[in-house]
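**Student:** One structure follows; several queries about it will come next.
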Amino acid sequence: MTLAETEARPKKPQFALKTAETILVELDALVGAEPAKSPVARAAVLAHIRQTLADARKSAEAELLATNKGTRCAQNLSNAQDEIITAVHRFATTRVYPVDNPSGAEAIALSAVGGYGRGTLAPGSDIDLLFILPYKQTPWGEQVTEYILYMLWDLGQKVGHAVRSVDECIRMARADMTVRTATLEARFLTGDKALFDNLVHRFETEIVPRTGPEFIAAKMAERDERHKQMGNTRYVVEPNIKDGKGGLRDLNTLFWIGKYFYQVKTSHELVGKGVLTSAEYRLFSRAEDFLWAVRCHLHYITGRADEKLTFDVQPDLARRMGYAERLGMLGVERFMKRYFLVAKDVGDLTRIICASLEFHHAKDMDLVGRVLAPFRSGKSKIKGEPDFIVDTGRLNIATPDVFEKEPVNLIKMFMVAGREELLFHPDAIKVIRDSLRLIDNRLRTDPKANAHFLTILTSPLYVERILRQMNESGVLGKFVPDFGKIVALMQFNMYHHYTVDEHLIRAVGVMAEIANGGLRTELPLTHELLPQLNDTRLLYVALFLHDIAKGRPEDHSIAGARIAKKLCPRFGLNPAETDTVAWLIEYHLLMSEIAQARDIQDPETAKAFADVVQSPQRLALLMILTACDIRAVGPGTWTGWKGSLLRALYYATEPLLSGGHSQVTQRDRIEAAKTVLRGALAAWPAAEVDTYVGRHYDHYWLRAEPELQVEHARMIRAADPA
């Protein structure tokens, strides 16, 4: 490359960091002879600091747009904040409130805590500060503290702060887990370094020793509660980048635990402690960098501290991060797929670190009654399974070459885990990941492997848990490559709550819940139909495959049916069973579309639907599949109204397919609905109930939910006198 070519290449913008010394010199020049305490001087200082902060943010954004280095952007913003706070502190202590002969009490240290203490900030992040005092607050210290805080508040920053002596810090850290976490992350900014060092020394010698299990228990409980509030899945299509499952807070929790338990200062030191391998640390760093890039871009787009990736900002984020449309996938869908894969990586790291703590520090964990999982020492054999053992209460491989000598064991192990109700040993998880290369076409077509998989897929007691574990480990996507194509695939619409792979697993899970006796109130008809089916296995297979062709340019129902015709014989289904599954997938949207968009009372509607379905068995299968599919879309998607519409369509169609003799006639269902309402209105005079019941047409009793019918009755009764 010539010199001219080198000079012609666009240069990446470099973040320009203005030091505290430079800022202080500029402030002195601005203030000049004006008294530092005067309102004029303060206004000049504030204006200059505001411009310095704006320039730093603009420079950080330019570098982020050019490089997409999220961690670097967060560090740039934190470094700029450090220099500004340091300059303001020095201006306050040496110009505004100088002390010629300070006493021992007239000392103060400023420390960054929280996310700011980790040396990372997003554009809209709060600034968390700890003002450390030697003893109690003095008038001088109070003046300095107020000057700094009011300056930051006037800049428009959200400042969380505490003013404490070293003794108070230690006492509160001992009693309050939030304060303990903040102190763990404390980072010196400016002021009396000896004060800060004293706090750190006392914290590390008086608080940290012997409290590791207690701290870990609290952090894991916090994490579980946070996940519960966020929906307890990382695959929601509008995730929270900070507090959601697989988000930045989960990475923070891992680092807090590592730092507290292993006494490390940086995440890289966890490699030396044997907690992470070098490859796992690189995964940690890449995940952190991507999540920080997303968060910083999000704050720049919205101009505030938004943490939720809502549909309206996702396209802008995708464009800023360079995701364009490709192979039929929108840029926003490619971006969100990357996000969900990173969230999955964070989940993997969580399991690795927690398992390391569990198995290498089990004796310590007993101090808090097992923090992470049930624990039993020793190893034991599993009857009839020589390749697997129970190791400290978890399923493990008997020898290191279990998968190499017999790749079928990669599928069989998941079946054994479900059947024996065991969780996986962390060593087994690592070996499974290292053995994914063994899942080739020979294994995919192996009759034993497919028989094991069909057993997993059709076992209601454990199918959802095991499918999710197979998906998390990467085995499911390798064993069924068509499923691998929809892993972490997001559908960019307001209807679906989860990624496609999560939706399919949840749909199978709904079917399993029904088979286990659940959802009787919500899905009464499915429980009536289930005993009539010749083979419920077909429902599990159809639900597992019904959206497997999403993300392709053609209709996913037609493409999915074609995939089913290829996969079902592989799974061990005969031609008739394969044909039924393919039909269910091709028409899996039909029943809900007709029920919600057509007039069910019109005989032609039921007749046209019956012409497509053609048999009572297929009608029952389609009814159950439709109910499971809708319930798996997301919370609140299934309603009593949708259920009543589907039941009405079923009851209108079934007589046409069964020779005109339905088990429950339409008149019976109308009378049953009236009886339910009469019971709910038992306090009314009988004559008044009879009059009210006679006001409605037949289709009202078939389509309105019972709860809604009661509300209607009360509303009309109250309205009549008016």
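Identifiers in this document derive from the order of the structure tokens: chains are assigned A, B, ..., residues are numbered from 1 separately in each chain, and ligands are numbered from 1 in order of occurrence.
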Find the residues around segment 159-167 of chain A up to 12 Å (only C-alpha atoms counted), leave out those fewer than 5 positions away in its own chain, and share them as a ChimeraX atom specification.
**Tutor:** /A:81,85,105,107-116,124-138,141-142,144-146,148-154,172-174,179,182-183,194-203,206
**Student:** Using DSSP assignments from the backbone, pull out every residue in segment 199-357 of chain A that falls under alpha helix (DSSP H) and give it to me as a PyMOL selection string.
**Tutor:** chain A and resi 199-202+212-229+248-262+269-272+278-302+314-320+331-357
**Student:** Write out as a PyMOL selection string the residues lying within 8 Å of segment 573-583 of chain A, counting only C-alpha atoms and excluding same-chain residues fewer than 3 positions away.
**Tutor:** chain A and resi 538-539+541-542+560-562+564-565+568-570+586-587+618
**Student:** Extract, using only C-alpha atoms, all DNA, RNA and protein residues at most 8 Å from Ala449 of chain A, discarding same-chain residues fewer than 2 positions from it, and format them as a list in words.
**Tutor:**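 The contact residues come out as Val408, Asn409, Ile411, Lys412, Leu443, Arg444, Thr445, Asp446, Pro447, Ala451, His452 and Phe453 of chain A.
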**Student:** At what distance in Å, to one decimal, does atom CA of Val633 of chain A lie from atom CA of Val236 of chain A?
**Tutor:**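 Separation between atom CA of Val236 of chain A and atom CA of Val633 of chain A: 10.4 Å.
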**Student:** One decimal, in Å: what's the spacing between atom CA of Leu251 of chain A and atom CA of Asp289 of chain A?
**Tutor:**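 Those two atoms sit 11.1 Å apart.
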**Student:** Run DSSP on the backbone and tell me which residues of segment 192-367 of chain A come out as strand (DSSP E or B); list them as a ChimeraX atom specification.
**Tutor:** /A:236,240,308,326,329
**Student:** For C-alpha atoms, I'd like the residues from the last selection saved as a PDB file, in the first residue's frame.
**Tutor:**
```
ATOM      1  CA  VAL A 236     -38.836 -12.061  25.060  1.00  0.00           C
ATOM      2  CA  ASN A 240     -34.493  -5.301  28.973  1.00  0.00           C
ATOM      3  CA  LYS A 308     -35.924  -1.780  27.122  1.00  0.00           C
ATOM      4  CA  ARG A 326     -29.882 -10.303   4.075  1.00  0.00           C
ATOM      5  CA  MET A 329     -34.209 -11.547   6.993  1.00  0.00           C
TER       6      MET A 329
END
```
**Student:** Can you list, as a PyMOL selection string, every protein, DNA or RNA residue that comes within 9 Å of Trp256 of chain A when you count only C-alpha atoms, leaving out same-chain residues fewer than 2 positions away?
**Tutor:** chain A and resi 181+184-185+216+219+251-254+258-261
**Student:** Output N, CA and C atoms of each residue in that selection to a file, as a PDB file, in the first residue's frame.
**Tutor:**
```
ATOM      1  N   THR A 181     -22.367  -4.512  48.333  1.00  0.00           N
ATOM      2  CA  THR A 181     -22.057  -4.619  46.902  1.00  0.00           C
ATOM      3  C   THR A 181     -21.446  -3.316  46.385  1.00  0.00           C
ATOM      4  N   LEU A 184     -17.931  -3.063  47.538  1.00  0.00           N
ATOM      5  CA  LEU A 184     -17.099  -4.014  46.786  1.00  0.00           C
ATOM      6  C   LEU A 184     -16.596  -3.382  45.494  1.00  0.00           C
ATOM      7  N   GLU A 185     -17.428  -2.544  44.875  1.00  0.00           N
ATOM      8  CA  GLU A 185     -17.085  -1.952  43.579  1.00  0.00           C
ATOM      9  C   GLU A 185     -16.488  -0.551  43.691  1.00  0.00           C
ATOM     10  N   ILE A 216     -23.086 -14.684  48.062  1.00  0.00           N
ATOM     11  CA  ILE A 216     -23.519 -15.366  46.842  1.00  0.00           C
ATOM     12  C   ILE A 216     -25.008 -15.695  46.916  1.00  0.00           C
ATOM     13  N   LYS A 219     -26.973 -12.526  46.228  1.00  0.00           N
ATOM     14  CA  LYS A 219     -26.906 -12.087  44.830  1.00  0.00           C
ATOM     15  C   LYS A 219     -27.716 -13.010  43.911  1.00  0.00           C
ATOM     16  N   LEU A 251     -24.239 -10.312  33.926  1.00  0.00           N
ATOM     17  CA  LEU A 251     -22.770 -10.294  33.858  1.00  0.00           C
ATOM     18  C   LEU A 251     -22.189  -9.625  35.101  1.00  0.00           C
ATOM     19  N   ASN A 252     -22.838  -8.543  35.545  1.00  0.00           N
ATOM     20  CA  ASN A 252     -22.370  -7.877  36.761  1.00  0.00           C
ATOM     21  C   ASN A 252     -22.406  -8.830  37.949  1.00  0.00           C
ATOM     22  N   THR A 253     -23.507  -9.598  38.042  1.00  0.00           N
ATOM     23  CA  THR A 253     -23.654 -10.536  39.156  1.00  0.00           C
ATOM     24  C   THR A 253     -22.537 -11.568  39.145  1.00  0.00           C
ATOM     25  N   LEU A 254     -22.193 -12.062  37.958  1.00  0.00           N
ATOM     26  CA  LEU A 254     -21.096 -13.028  37.853  1.00  0.00           C
ATOM     27  C   LEU A 254     -19.791 -12.415  38.345  1.00  0.00           C
ATOM     28  N   GLY A 258     -17.520 -13.492  41.532  1.00  0.00           N
ATOM     29  CA  GLY A 258     -16.106 -13.832  41.341  1.00  0.00           C
ATOM     30  C   GLY A 258     -15.196 -12.938  42.155  1.00  0.00           C
ATOM     31  N   LYS A 259     -15.487 -11.656  42.146  1.00  0.00           N
ATOM     32  CA  LYS A 259     -14.640 -10.709  42.871  1.00  0.00           C
ATOM     33  C   LYS A 259     -14.705 -10.945  44.374  1.00  0.00           C
ATOM     34  N   TYR A 260     -15.881 -11.240  44.882  1.00  0.00           N
ATOM     35  CA  TYR A 260     -16.059 -11.428  46.321  1.00  0.00           C
ATOM     36  C   TYR A 260     -15.468 -12.757  46.780  1.00  0.00           C
ATOM     37  N   PHE A 261     -15.788 -13.833  46.040  1.00  0.00           N
ATOM     38  CA  PHE A 261     -15.405 -15.166  46.485  1.00  0.00           C
ATOM     39  C   PHE A 261     -13.946 -15.484  46.188  1.00  0.00           C
TER      40      PHE A 261
END
```
**Student:** For Glu307 of chain A, which residue out of A:Asn76, A:Val402, A:Ala606, A:Lys242 is the nearest one, using only C-alpha atoms?
**Tutor:**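 Among the listed residues, A:Lys242 lies closest to Glu307 of chain A.
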**Student:** If we count only C-alpha atoms, what is near Glu333 of chain A at a cut-off of 10 Å, once residues fewer than 2 positions away on the same chain are taken out, given as a count of residues only?
**Tutor:** 22
**Student:** So, counting only C-alpha atoms, which residue among A:Leu283, A:Ala87, A:Val96, A:Leu155 is closest to Ala47 of chain A?
**Tutor:**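 That would be A:Leu155, the residue with the smallest distance to Ala47 of chain A.
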**Student:** Name all residues at most 9 Å from His425 of chain A (count only C-alpha atoms; drop same-chain ones fewer than 4 positions away) and give them as a list in words.
**Tutor:**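 Neighbouring residues, sequence-local ones excluded: Ala355, Val390, Asp391, Thr392, Gly393, Arg394, Leu395, Asn396, Ile397, Ile429 and Lys430 of chain A.
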**Student:** Pick from A:Thr458, A:Ala122, A:Trp292, A:Asp345: nearest to Ala305 of chain A, with only C-alpha atoms counted?
**Tutor:** A:Ala122
**Student:** With only C-alpha atoms as the atoms that count, which of A:Ala549, A:Leu298, A:Ala218, A:Ala673 lies nearest to Gly484 of chain A?
**Tutor:** A:Ala549
**Student:** Quick one: distance from atom CA of Asp501 of chain A to atom CA of Arg442 of chain A in Å, one decimal?
**Tutor:**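 Spanning atom CA of Asp501 of chain A to atom CA of Arg442 of chain A is a straight-line distance of 24.3 Å.
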**Student:** Between A:His712, A:Ala43, A:Asp28, A:Arg295, which residue has the minimum interatomic distance to Thr94 of chain A, considering only C-alpha atoms?
**Tutor:**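 Nearest candidate to Thr94 of chain A out of A:His712, A:Ala43, A:Asp28, A:Arg295: A:Asp28.
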